[in-house]
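Q: My structure file my_file18.txt, compact mmCIF, C-alpha atoms, is below:
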# COMPACT_ATOMS: atom_id res chain seq x y z
CA MET A 1 77.63 -4.28 -32.39
CA ASP A 2 76.14 -5.31 -35.72
CA ASP A 3 75.67 -8.72 -37.28
CA GLU A 4 77.07 -7.39 -40.58
CA PRO A 5 80.89 -7.28 -40.15
CA ALA A 6 81.41 -4.45 -42.65
CA VAL A 7 78.83 -2.24 -40.91
CA ALA A 8 80.26 -3.08 -37.48
CA ALA A 9 83.75 -2.15 -38.65
CA ALA A 10 82.50 1.17 -40.05
CA LEU A 11 80.75 2.01 -36.78
CA ALA A 12 83.90 1.12 -34.86
CA ARG A 13 86.00 3.51 -36.95
CA VAL A 14 83.58 6.34 -36.23
CA VAL A 15 83.44 5.65 -32.48
CA SER A 16 87.24 5.34 -32.32
CA GLY A 17 87.33 8.97 -33.40
CA THR A 18 86.12 9.93 -29.92
CA GLY A 19 89.27 8.44 -28.39
CA ALA A 20 87.40 5.41 -27.05
CA ASP A 21 88.67 1.84 -26.96
CA VAL A 22 86.19 -0.13 -29.05
CA SER A 23 85.15 -3.79 -28.94
CA VAL A 24 83.52 -5.05 -32.15
CA LEU A 25 80.96 -7.84 -31.70
CA HIS A 26 78.56 -9.46 -34.13
CA ASP A 27 75.82 -11.05 -32.00
CA ALA A 28 73.96 -10.24 -28.81
CA THR A 29 74.86 -13.47 -27.01
CA THR A 30 78.56 -12.71 -27.32
CA ALA A 31 77.88 -9.14 -26.22
CA LEU A 32 76.14 -10.28 -23.03
CA ARG A 33 79.06 -12.53 -22.17
CA ALA A 34 81.43 -9.60 -22.72
CA LEU A 35 79.32 -7.42 -20.41
CA GLU A 36 79.68 -9.99 -17.63
CA THR A 37 83.48 -9.93 -17.75
CA ASN A 38 84.35 -6.38 -18.89
CA GLU A 39 83.44 -2.83 -17.92
CA TYR A 40 81.94 -0.72 -20.72
CA ASP A 41 80.86 2.92 -20.87
CA VAL A 42 78.53 2.74 -23.88
CA VAL A 43 76.84 0.09 -26.04
CA VAL A 44 76.15 0.89 -29.72
CA SER A 45 73.84 -1.72 -31.19
CA ASP A 46 71.97 -2.36 -34.41
CA LEU A 47 68.28 -3.02 -33.82
CA ALA A 48 67.68 -5.77 -36.39
CA MET A 49 70.05 -8.71 -35.89
CA ALA A 50 69.86 -12.44 -36.34
CA GLY A 51 69.04 -14.30 -33.16
CA MET A 52 68.54 -11.84 -30.32
CA SER A 53 67.34 -8.45 -31.54
CA GLY A 54 68.64 -5.12 -30.35
CA THR A 55 65.48 -4.65 -28.30
CA GLU A 56 65.98 -8.01 -26.58
CA LEU A 57 69.61 -7.13 -25.96
CA LEU A 58 68.57 -3.82 -24.37
CA ARG A 59 66.14 -5.64 -22.09
CA ALA A 60 68.92 -8.04 -21.02
CA VAL A 61 71.34 -5.16 -20.42
CA ARG A 62 68.78 -3.42 -18.21
CA ALA A 63 68.39 -6.57 -16.14
CA ARG A 64 72.13 -6.37 -15.42
CA ASP A 65 72.83 -2.63 -15.32
CA LEU A 66 70.30 0.19 -15.06
CA ASP A 67 72.86 2.90 -15.84
CA LEU A 68 74.74 1.58 -18.91
CA PRO A 69 73.84 3.83 -21.89
CA VAL A 70 72.68 1.93 -24.98
CA ILE A 71 72.53 3.66 -28.38
CA GLN A 72 70.24 1.87 -30.82
CA ILE A 73 70.63 2.23 -34.58
CA THR A 74 68.05 1.13 -37.13
CA GLY A 75 67.49 1.31 -40.87
CA ALA A 76 63.78 0.60 -40.44
CA PRO A 77 62.46 3.00 -37.79
CA SER A 78 58.95 2.46 -36.48
CA VAL A 79 56.74 3.84 -33.75
CA GLU A 80 56.70 0.43 -32.06
CA THR A 81 60.49 0.00 -31.80
CA ALA A 82 60.97 3.65 -30.84
CA ALA A 83 58.40 3.31 -28.04
CA LYS A 84 60.09 0.15 -26.81
CA ALA A 85 63.46 1.93 -26.83
CA VAL A 86 62.01 4.67 -24.62
CA GLU A 87 60.33 2.14 -22.33
CA LEU A 88 63.59 0.21 -21.80
CA GLY A 89 65.69 3.32 -21.33
CA ALA A 90 67.73 3.49 -24.54
CA PHE A 91 70.02 6.54 -24.51
CA ARG A 92 69.48 7.34 -28.21
CA TYR A 93 67.41 5.88 -31.05
CA LEU A 94 69.26 6.80 -34.26
CA THR A 95 68.24 6.08 -37.83
CA LYS A 96 70.32 5.12 -40.86
CA PRO A 97 71.86 6.59 -42.92
CA LEU A 98 73.77 7.93 -39.95
CA SER A 99 76.08 10.93 -39.89
CA PRO A 100 79.46 10.13 -38.24
CA ASP A 101 79.26 13.39 -36.30
CA VAL A 102 75.85 12.47 -34.88
CA LEU A 103 77.14 9.08 -33.72
CA ARG A 104 80.32 10.53 -32.21
CA LYS A 105 78.32 13.20 -30.35
CA ALA A 106 75.89 10.59 -29.02
CA VAL A 107 78.76 8.38 -27.81
CA LEU A 108 80.50 11.27 -26.04
CA GLU A 109 77.27 12.34 -24.33
CA ALA A 110 76.58 8.76 -23.28
CA ALA A 111 80.10 8.32 -21.89
CA HIS A 112 79.67 11.52 -19.88
CA LEU A 113 76.39 10.25 -18.48
CA ARG A 114 78.08 6.99 -17.51
CA SER A 115 80.83 8.85 -15.64
CA LEU A 116 78.21 10.86 -13.73
CA ALA A 117 76.42 7.63 -12.78
CA ARG A 118 79.69 6.18 -11.49
CA ALA A 119 80.35 9.29 -9.43
CA ARG A 120 76.83 9.13 -8.03
CA ARG A 121 77.35 5.50 -7.03
CA GLY A 122 80.58 6.54 -5.32
CA ASP A 123 78.73 9.25 -3.39
CA ASP A 124 76.00 6.76 -2.49
CA ARG A 125 78.61 4.31 -1.25
CA ALA A 126 80.25 6.99 0.90
CA ARG A 127 76.89 7.93 2.43
CA LEU A 128 76.08 4.28 3.05
CA ASP A 129 79.47 3.75 4.69
CA GLN A 130 78.89 6.68 7.04
CA ALA A 131 75.39 5.44 7.91
CA LEU A 132 76.63 1.93 8.67
CA ARG A 133 79.41 3.21 10.89
CA ARG A 134 76.88 5.29 12.82
CA ALA A 135 74.65 2.23 13.13
CA LEU A 136 77.55 0.13 14.45
CA LYS A 137 78.31 2.72 17.13
CA THR A 138 74.72 2.74 18.41
CA LEU A 139 73.90 -0.91 17.77
CA ARG A 140 71.94 -2.66 20.50
CA VAL A 141 70.42 -6.09 21.00
CA ALA A 142 66.85 -6.88 22.04
CA TYR A 143 65.85 -10.27 23.39
CA GLN A 144 62.71 -12.35 22.88
CA PRO A 145 61.98 -15.28 25.19
CA ILE A 146 61.73 -18.87 24.00
CA VAL A 147 59.37 -20.84 26.24
CA SER A 148 58.95 -24.52 27.05
CA CYS A 149 55.58 -25.94 26.00
CA THR A 150 55.53 -28.32 28.96
CA THR A 151 56.83 -26.25 31.89
CA ARG A 152 55.86 -22.80 30.50
CA GLU A 153 59.25 -21.55 31.67
CA THR A 154 61.67 -19.45 29.67
CA VAL A 155 64.47 -21.68 28.40
CA GLY A 156 66.21 -19.20 26.15
CA TYR A 157 66.21 -15.84 24.40
CA GLU A 158 66.75 -14.93 20.78
CA ALA A 159 69.15 -12.00 20.37
CA LEU A 160 67.75 -9.53 17.83
CA MET A 161 69.85 -6.74 16.37
CA ARG A 162 68.44 -3.21 16.57
CA SER A 163 69.70 0.05 15.06
CA THR A 164 68.88 3.64 15.99
CA GLU A 165 70.38 4.94 12.74
CA PRO A 166 67.44 6.68 10.97
CA THR A 167 68.60 5.65 7.49
CA LEU A 168 69.03 1.97 8.50
CA THR A 169 65.95 1.33 10.56
CA THR A 170 65.58 -2.46 10.16
CA PRO A 171 67.98 -5.34 10.82
CA MET A 172 67.81 -6.30 7.14
CA SER A 173 68.78 -2.79 6.02
CA VAL A 174 71.85 -2.93 8.29
CA ILE A 175 72.79 -6.36 6.94
CA ASP A 176 72.29 -5.23 3.34
CA ALA A 177 74.52 -2.19 3.93
CA ALA A 178 77.23 -4.33 5.52
CA GLU A 179 77.04 -6.77 2.61
CA LYS A 180 77.39 -4.01 0.01
CA LEU A 181 80.35 -2.51 1.85
CA GLY A 182 82.13 -5.79 2.59
CA MET A 183 81.66 -5.29 6.36
CA LEU A 184 79.61 -8.35 7.31
CA HIS A 185 82.39 -9.68 9.54
CA THR A 186 82.59 -6.34 11.35
CA LEU A 187 78.82 -6.38 11.92
CA GLY A 188 78.78 -10.01 13.04
CA ARG A 189 81.59 -9.46 15.54
CA ARG A 190 79.89 -6.36 16.94
CA VAL A 191 76.64 -8.24 17.59
CA ARG A 192 78.40 -11.27 19.08
CA ASN A 193 80.48 -9.07 21.41
CA ILE A 194 77.37 -7.22 22.65
CA VAL A 195 75.63 -10.52 23.36
CA ALA A 196 78.68 -11.93 25.15
CA ALA A 197 78.86 -8.87 27.41
CA GLN A 198 75.16 -9.08 28.31
CA LEU A 199 75.08 -12.82 28.77
CA GLU A 200 76.50 -12.48 32.26
CA ASP A 201 73.16 -11.00 33.34
CA ALA A 202 71.04 -13.71 31.69
CA PRO A 203 68.99 -15.98 33.93
CA ARG A 204 70.74 -19.23 34.74
CA ALA A 205 70.14 -22.30 32.57
CA THR A 206 68.89 -20.22 29.65
CA ALA A 207 70.33 -20.38 26.15
CA ILE A 208 70.97 -17.37 23.95
CA PHE A 209 70.12 -17.79 20.27
CA VAL A 210 72.42 -15.71 18.04
CA ASN A 211 71.72 -15.30 14.31
CA LEU A 212 74.55 -15.96 11.86
CA HIS A 213 74.90 -14.70 8.32
CA PRO A 214 76.47 -17.39 6.07
CA SER A 215 79.52 -15.15 5.66
CA ASP A 216 80.11 -15.36 9.43
CA LEU A 217 81.07 -18.98 8.88
CA ALA A 218 84.18 -17.70 7.07
CA ASP A 219 85.17 -15.34 9.88
CA PRO A 220 88.11 -16.68 11.93
CA ASP A 221 86.88 -14.73 14.97
CA LEU A 222 83.85 -17.01 15.22
CA PHE A 223 86.12 -20.02 15.69
CA ASP A 224 88.61 -18.35 18.04
CA PRO A 225 88.34 -19.94 21.51
CA ALA A 226 89.46 -16.62 23.00
CA SER A 227 86.73 -14.53 21.36
CA PRO A 228 84.11 -13.18 23.80
CA LEU A 229 81.23 -15.35 22.59
CA SER A 230 83.32 -18.51 22.32
CA ARG A 231 84.14 -18.24 26.02
CA VAL A 232 80.44 -18.75 26.78
CA ALA A 233 79.71 -21.01 23.81
CA ARG A 234 77.98 -23.70 25.88
CA GLN A 235 75.20 -21.24 26.60
CA VAL A 236 74.82 -20.19 22.95
CA VAL A 237 72.78 -21.56 20.04
CA LEU A 238 73.89 -20.29 16.63
CA GLU A 239 70.95 -19.80 14.26
CA LEU A 240 71.43 -20.29 10.53
CA THR A 241 68.55 -19.07 8.43
CA GLU A 242 67.22 -21.44 5.79
CA ARG A 243 66.50 -18.36 3.65
CA ALA A 244 70.20 -18.00 2.74
CA SER A 245 72.49 -20.30 0.80
CA LEU A 246 75.51 -22.00 2.36
CA GLU A 247 76.87 -23.13 -1.00
CA ALA A 248 79.65 -20.53 -1.04
CA VAL A 249 81.02 -21.63 2.35
CA PRO A 250 83.99 -24.03 1.94
CA ASP A 251 84.52 -27.02 4.24
CA LEU A 252 81.10 -26.48 5.76
CA GLU A 253 80.90 -29.72 7.72
CA LEU A 254 84.35 -29.13 9.24
CA ARG A 255 83.29 -25.65 10.30
CA PHE A 256 80.17 -27.03 12.00
CA GLU A 257 82.33 -29.62 13.74
CA SER A 258 84.67 -26.89 14.99
CA LEU A 259 81.78 -24.84 16.34
CA ARG A 260 80.35 -27.81 18.19
CA ALA A 261 83.79 -28.58 19.61
CA LEU A 262 83.79 -25.09 21.14
CA GLY A 263 80.46 -25.87 22.80
CA TYR A 264 78.01 -24.17 20.46
CA ARG A 265 74.76 -25.79 19.41
CA LEU A 266 73.27 -25.13 15.98
CA ALA A 267 69.74 -24.24 14.96
CA VAL A 268 68.08 -23.89 11.57
CA ASP A 269 65.81 -20.86 11.48
CA ASP A 270 62.83 -20.29 9.13
CA LEU A 271 62.38 -24.00 8.38
CA GLY A 272 59.71 -24.43 5.75
CA ALA A 273 60.05 -21.07 4.01
CA GLY A 274 63.57 -20.85 2.75
CA TYR A 275 66.27 -21.38 0.21
CA ALA A 276 66.88 -25.10 -0.03
CA GLY A 277 64.18 -26.92 1.90
CA LEU A 278 65.04 -30.15 3.65
CA SER A 279 68.45 -30.49 1.95
CA TYR A 280 69.60 -27.49 4.01
CA PHE A 281 68.16 -29.09 7.14
CA ALA A 282 69.97 -32.36 6.37
CA ARG A 283 73.30 -30.67 5.75
CA VAL A 284 73.35 -28.67 8.98
CA GLN A 285 71.91 -31.48 11.16
CA PRO A 286 70.96 -28.96 13.85
CA GLU A 287 70.16 -29.63 17.46
CA ILE A 288 67.19 -27.27 17.20
CA VAL A 289 64.89 -26.27 14.34
CA LYS A 290 62.60 -23.25 14.23
CA VAL A 291 59.40 -23.58 12.19
CA ASP A 292 58.89 -20.45 10.12
CA MET A 293 56.19 -18.02 11.21
CA SER A 294 54.57 -18.23 7.77
CA LEU A 295 53.49 -21.77 8.70
CA VAL A 296 52.55 -20.82 12.27
CA ARG A 297 50.40 -17.81 11.36
CA GLY A 298 46.77 -18.92 11.57
CA VAL A 299 47.76 -22.59 12.01
CA ASP A 300 44.86 -23.18 14.43
CA ALA A 301 42.36 -22.55 11.62
CA ASP A 302 44.23 -24.14 8.70
CA VAL A 303 44.31 -27.94 8.35
CA VAL A 304 47.01 -27.84 5.67
CA ARG A 305 49.35 -25.80 7.86
CA GLN A 306 48.65 -28.17 10.75
CA ARG A 307 49.66 -31.16 8.65
CA VAL A 308 52.84 -29.45 7.42
CA VAL A 309 53.88 -28.42 10.92
CA HIS A 310 53.06 -31.87 12.28
CA SER A 311 55.21 -33.47 9.55
CA LEU A 312 58.14 -31.15 10.28
CA VAL A 313 57.84 -31.78 14.02
CA SER A 314 57.68 -35.55 13.51
CA LEU A 315 60.74 -35.49 11.26
CA ALA A 316 62.78 -33.32 13.63
CA THR A 317 61.86 -35.06 16.86
CA GLY A 318 62.43 -38.43 15.23
CA LEU A 319 66.01 -37.29 14.65
CA GLY A 320 66.41 -36.16 18.24
CA MET A 321 65.98 -32.45 17.52
CA GLU A 322 63.96 -29.91 19.45
CA VAL A 323 61.41 -27.72 17.68
CA VAL A 324 60.59 -24.04 18.21
CA ALA A 325 57.40 -22.60 16.72
CA GLU A 326 58.19 -18.93 16.14
CA GLY A 327 55.89 -16.02 15.40
CA ILE A 328 53.13 -17.01 17.86
CA GLU A 329 50.70 -14.10 18.02
CA THR A 330 47.57 -15.64 19.55
CA ALA A 331 46.77 -18.09 22.32
CA ALA A 332 44.99 -20.27 19.73
CA GLU A 333 48.15 -20.55 17.60
CA ARG A 334 50.18 -21.32 20.71
CA ASP A 335 47.82 -24.06 21.91
CA CYS A 336 47.67 -25.58 18.42
CA VAL A 337 51.45 -25.94 18.01
CA VAL A 338 51.66 -27.38 21.51
CA ARG A 339 49.15 -30.07 20.44
CA LEU A 340 51.21 -30.65 17.27
CA GLY A 341 54.23 -31.54 19.39
CA CYS A 342 56.47 -28.45 19.29
CA THR A 343 59.02 -28.31 22.10
CA TYR A 344 59.14 -24.54 22.48
CA VAL A 345 57.21 -21.46 21.40
CA GLN A 346 58.27 -17.88 20.67
CA GLY A 347 56.31 -14.81 19.66
CA TYR A 348 54.40 -11.67 20.60
CA ALA A 349 51.70 -13.67 22.39
CA LEU A 350 54.33 -14.50 25.03
CA ALA A 351 56.58 -11.44 24.99
CA HIS A 352 57.75 -8.68 22.68
CA PRO A 353 61.50 -8.28 22.16
CA GLY A 354 62.96 -6.05 24.83
CA PRO A 355 66.07 -5.13 26.80
CA ALA A 356 67.90 -7.95 28.51
CA PHE A 357 65.91 -9.92 29.64
CA PRO A 358 62.08 -9.66 29.33
CA SER A 359 59.60 -11.85 31.19
CA ILE A 360 56.68 -13.70 29.60
CA THR A 361 52.93 -14.04 29.97
CA TRP A 362 51.03 -17.28 29.30
CA PRO A 363 47.31 -16.46 29.60
Would you write out, as structure tokens, the structure that this file holds?

A:
Amino acid sequence: MDDEPAVAAALARVVSGTGADVSVLHDATTALRALETNEYDVVVSDLAMAGMSGTELLRAVRARDLDLPVIQITGAPSVETAAKAVELGAFRYLTKPLSPDVLRKAVLEAAHLRSLARARRGDDRARLDQALRRALKTLRVAYQPIVSCTTRETVGYEALMRSTEPTLTTPMSVIDAAEKLGMLHTLGRRVRNIVAAQLEDAPRATAIFVNLHPSDLADPDLFDPASPLSRVARQVVLELTERASLEAVPDLELRFESLRALGYRLAVDDLGAGYAGLSYFARVQPEIVKVDMSLVRGVDADVVRQRVVHSLVSLATGLGMEVVAEGIETAAERDCVVRLGCTYVQGYALAHPGPAFPSITWP
């Protein structure tokens, strides 16, 4: 890439001598668009160009791809631009006039490096696949009670995924692995089937809250009346986190309608700390909302948090929804959210997550 067509054509002829297929571009903006739609092994770029400079292009490339080798060429070398090239991970910093052999050698070395990076990513993917499959085999579910503020009785339990796989130690790491490998539906089904099998032992008149990834809303199994969880849907609340977008889910309202027809209730988790604020809340129209722990933490000593929680509670209850304050860690936090009108509370101050189904303490 060079903003002088004659120079760009000359560079292309040299690079073609390596046997490569070459794209000739004359500005960085066009180059970035090409990088979004095509796979390249090497970028050869002039440093001084109209509009976006070669340095700015390199920074933009690094934001998209940490492994793509970029060879920078300049007719006005300086310590400053050389240092910036090193900082941003340029593969080579070559000066004009440039020997064709030097350029060809640099391109071949860069292409080899790119192939090694691809192979490494393939190995990483294979290791991740093996780790996820081990995690799925040993997956278990812990439960944390959800307690009525008025009766102090357990009215439900949140099902929380746990993994004993040492390389995927947190729920988020398991979800991230499944997302990278295209196995979110497999993971979601596994969790739902475990919950369905354990629900038979749950105390009567308690609800089980099951977290959904947005991609689960595109899984036909979730809507199958014969699936294990659907058979006990009237005892299940499906939690959708406000931290994730639902924009990619088609026919969203129809899917919610289908879930409710099966007997499920819907909850919005993490309200007040997420992706789309109240627009998300309005679109789901849940039966239950869960106020995010970031608002609950220290609420007893923070007037601003108290006002925010009170406003959320007033809005939700005014629409006929029940409110869970999650992340309660102290008796003072618990008593404060009770005064603010929350329907239910959940957190370590009442019970830690445990095997099906832990009891609570309310000191």

Q: Using all atoms listed in the file, which residues sit within 12 Å of region 191-193 of chain A once same-chain residues fewer than 2 positions away are excluded, as number ranges by chain?

A: A: 135-142, 159-163, 171, 174-175, 184-189, 195-199, 208-213, 216, 221-222, 226-233, 236-238

Q: Tell me, as a list in words, which residues lie within 12 Å of Ala205 (chain A), counting only C-alpha atoms; anything in the same chain fewer than 2 positions away does not count.

A: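 In the requested form, the answer reads Glu153, Thr154, Val155, Gly156, Tyr157, Leu199, Glu200, Asp201, Ala202, Pro203, Ala207, Ile208, Arg234, Gln235 and Val236 of chain A.
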
Q: For the residues in that selection, give me C-alpha atoms as a PDB file, in the frame of the given file.

A:
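part23.pdb, written as the output of this step:
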ATOM      1  CA  GLU A 153      59.250 -21.550  31.670  1.00  0.00           C
ATOM      2  CA  THR A 154      61.670 -19.450  29.670  1.00  0.00           C
ATOM      3  CA  VAL A 155      64.470 -21.680  28.400  1.00  0.00           C
ATOM      4  CA  GLY A 156      66.210 -19.200  26.150  1.00  0.00           C
ATOM      5  CA  TYR A 157      66.210 -15.840  24.400  1.00  0.00           C
ATOM      6  CA  LEU A 199      75.080 -12.820  28.770  1.00  0.00           C
ATOM      7  CA  GLU A 200      76.500 -12.480  32.260  1.00  0.00           C
ATOM      8  CA  ASP A 201      73.160 -11.000  33.340  1.00  0.00           C
ATOM      9  CA  ALA A 202      71.040 -13.710  31.690  1.00  0.00           C
ATOM     10  CA  PRO A 203      68.990 -15.980  33.930  1.00  0.00           C
ATOM     11  CA  ALA A 207      70.330 -20.380  26.150  1.00  0.00           C
ATOM     12  CA  ILE A 208      70.970 -17.370  23.950  1.00  0.00           C
ATOM     13  CA  ARG A 234      77.980 -23.700  25.880  1.00  0.00           C
ATOM     14  CA  GLN A 235      75.200 -21.240  26.600  1.00  0.00           C
ATOM     15  CA  VAL A 236      74.820 -20.190  22.950  1.00  0.00           C
TER      16      VAL A 236
END

Q: Under the rule that only C-alpha atoms are counted, which of A:Ser258, A:Pro220, A:Arg339, A:Thr151 is the nearest residue to Trp362 (chain A)?

A: A:Thr151

Q: Report, in Å to a single decimal, how far apart CA of Asp176 (chain A) and CA of Arg134 (chain A) are.

A: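 Between CA of Arg134 (chain A) and CA of Asp176 (chain A) the gap works out to 14.9 Å.
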
Q: Between A:Leu262, A:Leu312, A:Val14, A:Ala31, which residue has the minimum interatomic distance to Phe281 (chain A), considering only C-alpha atoms?

A: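 So, comparing all the options, the nearest one is A:Leu312.
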
Q: Using only C-alpha atoms, find the one residue out of A:Asp65, A:Asp27, A:Asp46, A:Ala83 that sits nearest to Leu98 (chain A).

A: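 Distance minimum relative to Leu98 (chain A) lands on A:Asp46.
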
Q: Add whatever atoms are absent from region 50-62 of chain A to reach N, CA, C and O atoms, and provide the output as a CSV table (one decimal), in the coordinates of the input.

A:
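Full text of out00.csv as output:
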chain,number,residue,atom,x,y,z
A,50,ALA,N,70.2,-11.0,-36.4
A,50,ALA,CA,69.9,-12.4,-36.3
A,50,ALA,C,69.9,-12.9,-34.9
A,50,ALA,O,70.8,-12.5,-34.1
A,51,GLY,N,69.0,-13.8,-34.5
A,51,GLY,CA,69.0,-14.3,-33.2
A,51,GLY,C,68.4,-13.3,-32.3
A,51,GLY,O,67.2,-12.9,-32.5
A,52,MET,N,69.1,-12.8,-31.3
A,52,MET,CA,68.5,-11.8,-30.3
A,52,MET,C,68.6,-10.5,-31.0
A,52,MET,O,69.6,-10.0,-31.5
A,53,SER,N,67.4,-9.8,-30.9
A,53,SER,CA,67.3,-8.4,-31.5
A,53,SER,C,68.0,-7.4,-30.6
A,53,SER,O,68.3,-7.7,-29.5
A,54,GLY,N,68.1,-6.2,-31.2
A,54,GLY,CA,68.6,-5.1,-30.4
A,54,GLY,C,67.7,-4.8,-29.2
A,54,GLY,O,68.2,-4.4,-28.1
A,55,THR,N,66.4,-4.9,-29.4
A,55,THR,CA,65.5,-4.6,-28.3
A,55,THR,C,65.6,-5.7,-27.2
A,55,THR,O,65.7,-5.4,-26.0
A,56,GLU,N,65.8,-6.9,-27.6
A,56,GLU,CA,66.0,-8.0,-26.6
A,56,GLU,C,67.3,-7.8,-25.8
A,56,GLU,O,67.4,-8.1,-24.6
A,57,LEU,N,68.3,-7.4,-26.6
A,57,LEU,CA,69.6,-7.1,-26.0
A,57,LEU,C,69.5,-6.0,-24.9
A,57,LEU,O,70.0,-6.1,-23.8
A,58,LEU,N,68.8,-4.9,-25.3
A,58,LEU,CA,68.6,-3.8,-24.4
A,58,LEU,C,67.9,-4.3,-23.1
A,58,LEU,O,68.2,-3.9,-22.0
A,59,ARG,N,66.8,-5.1,-23.3
A,59,ARG,CA,66.1,-5.6,-22.1
A,59,ARG,C,67.1,-6.4,-21.2
A,59,ARG,O,67.1,-6.3,-20.0
A,60,ALA,N,68.0,-7.3,-21.8
A,60,ALA,CA,68.9,-8.0,-21.0
A,60,ALA,C,70.0,-7.2,-20.3
A,60,ALA,O,70.4,-7.4,-19.2
A,61,VAL,N,70.4,-6.1,-21.0
A,61,VAL,CA,71.3,-5.2,-20.4
A,61,VAL,C,70.7,-4.5,-19.2
A,61,VAL,O,71.4,-4.4,-18.1
A,62,ARG,N,69.4,-4.1,-19.3
A,62,ARG,CA,68.8,-3.4,-18.2
A,62,ARG,C,68.6,-4.3,-17.0
A,62,ARG,O,68.6,-3.9,-15.9
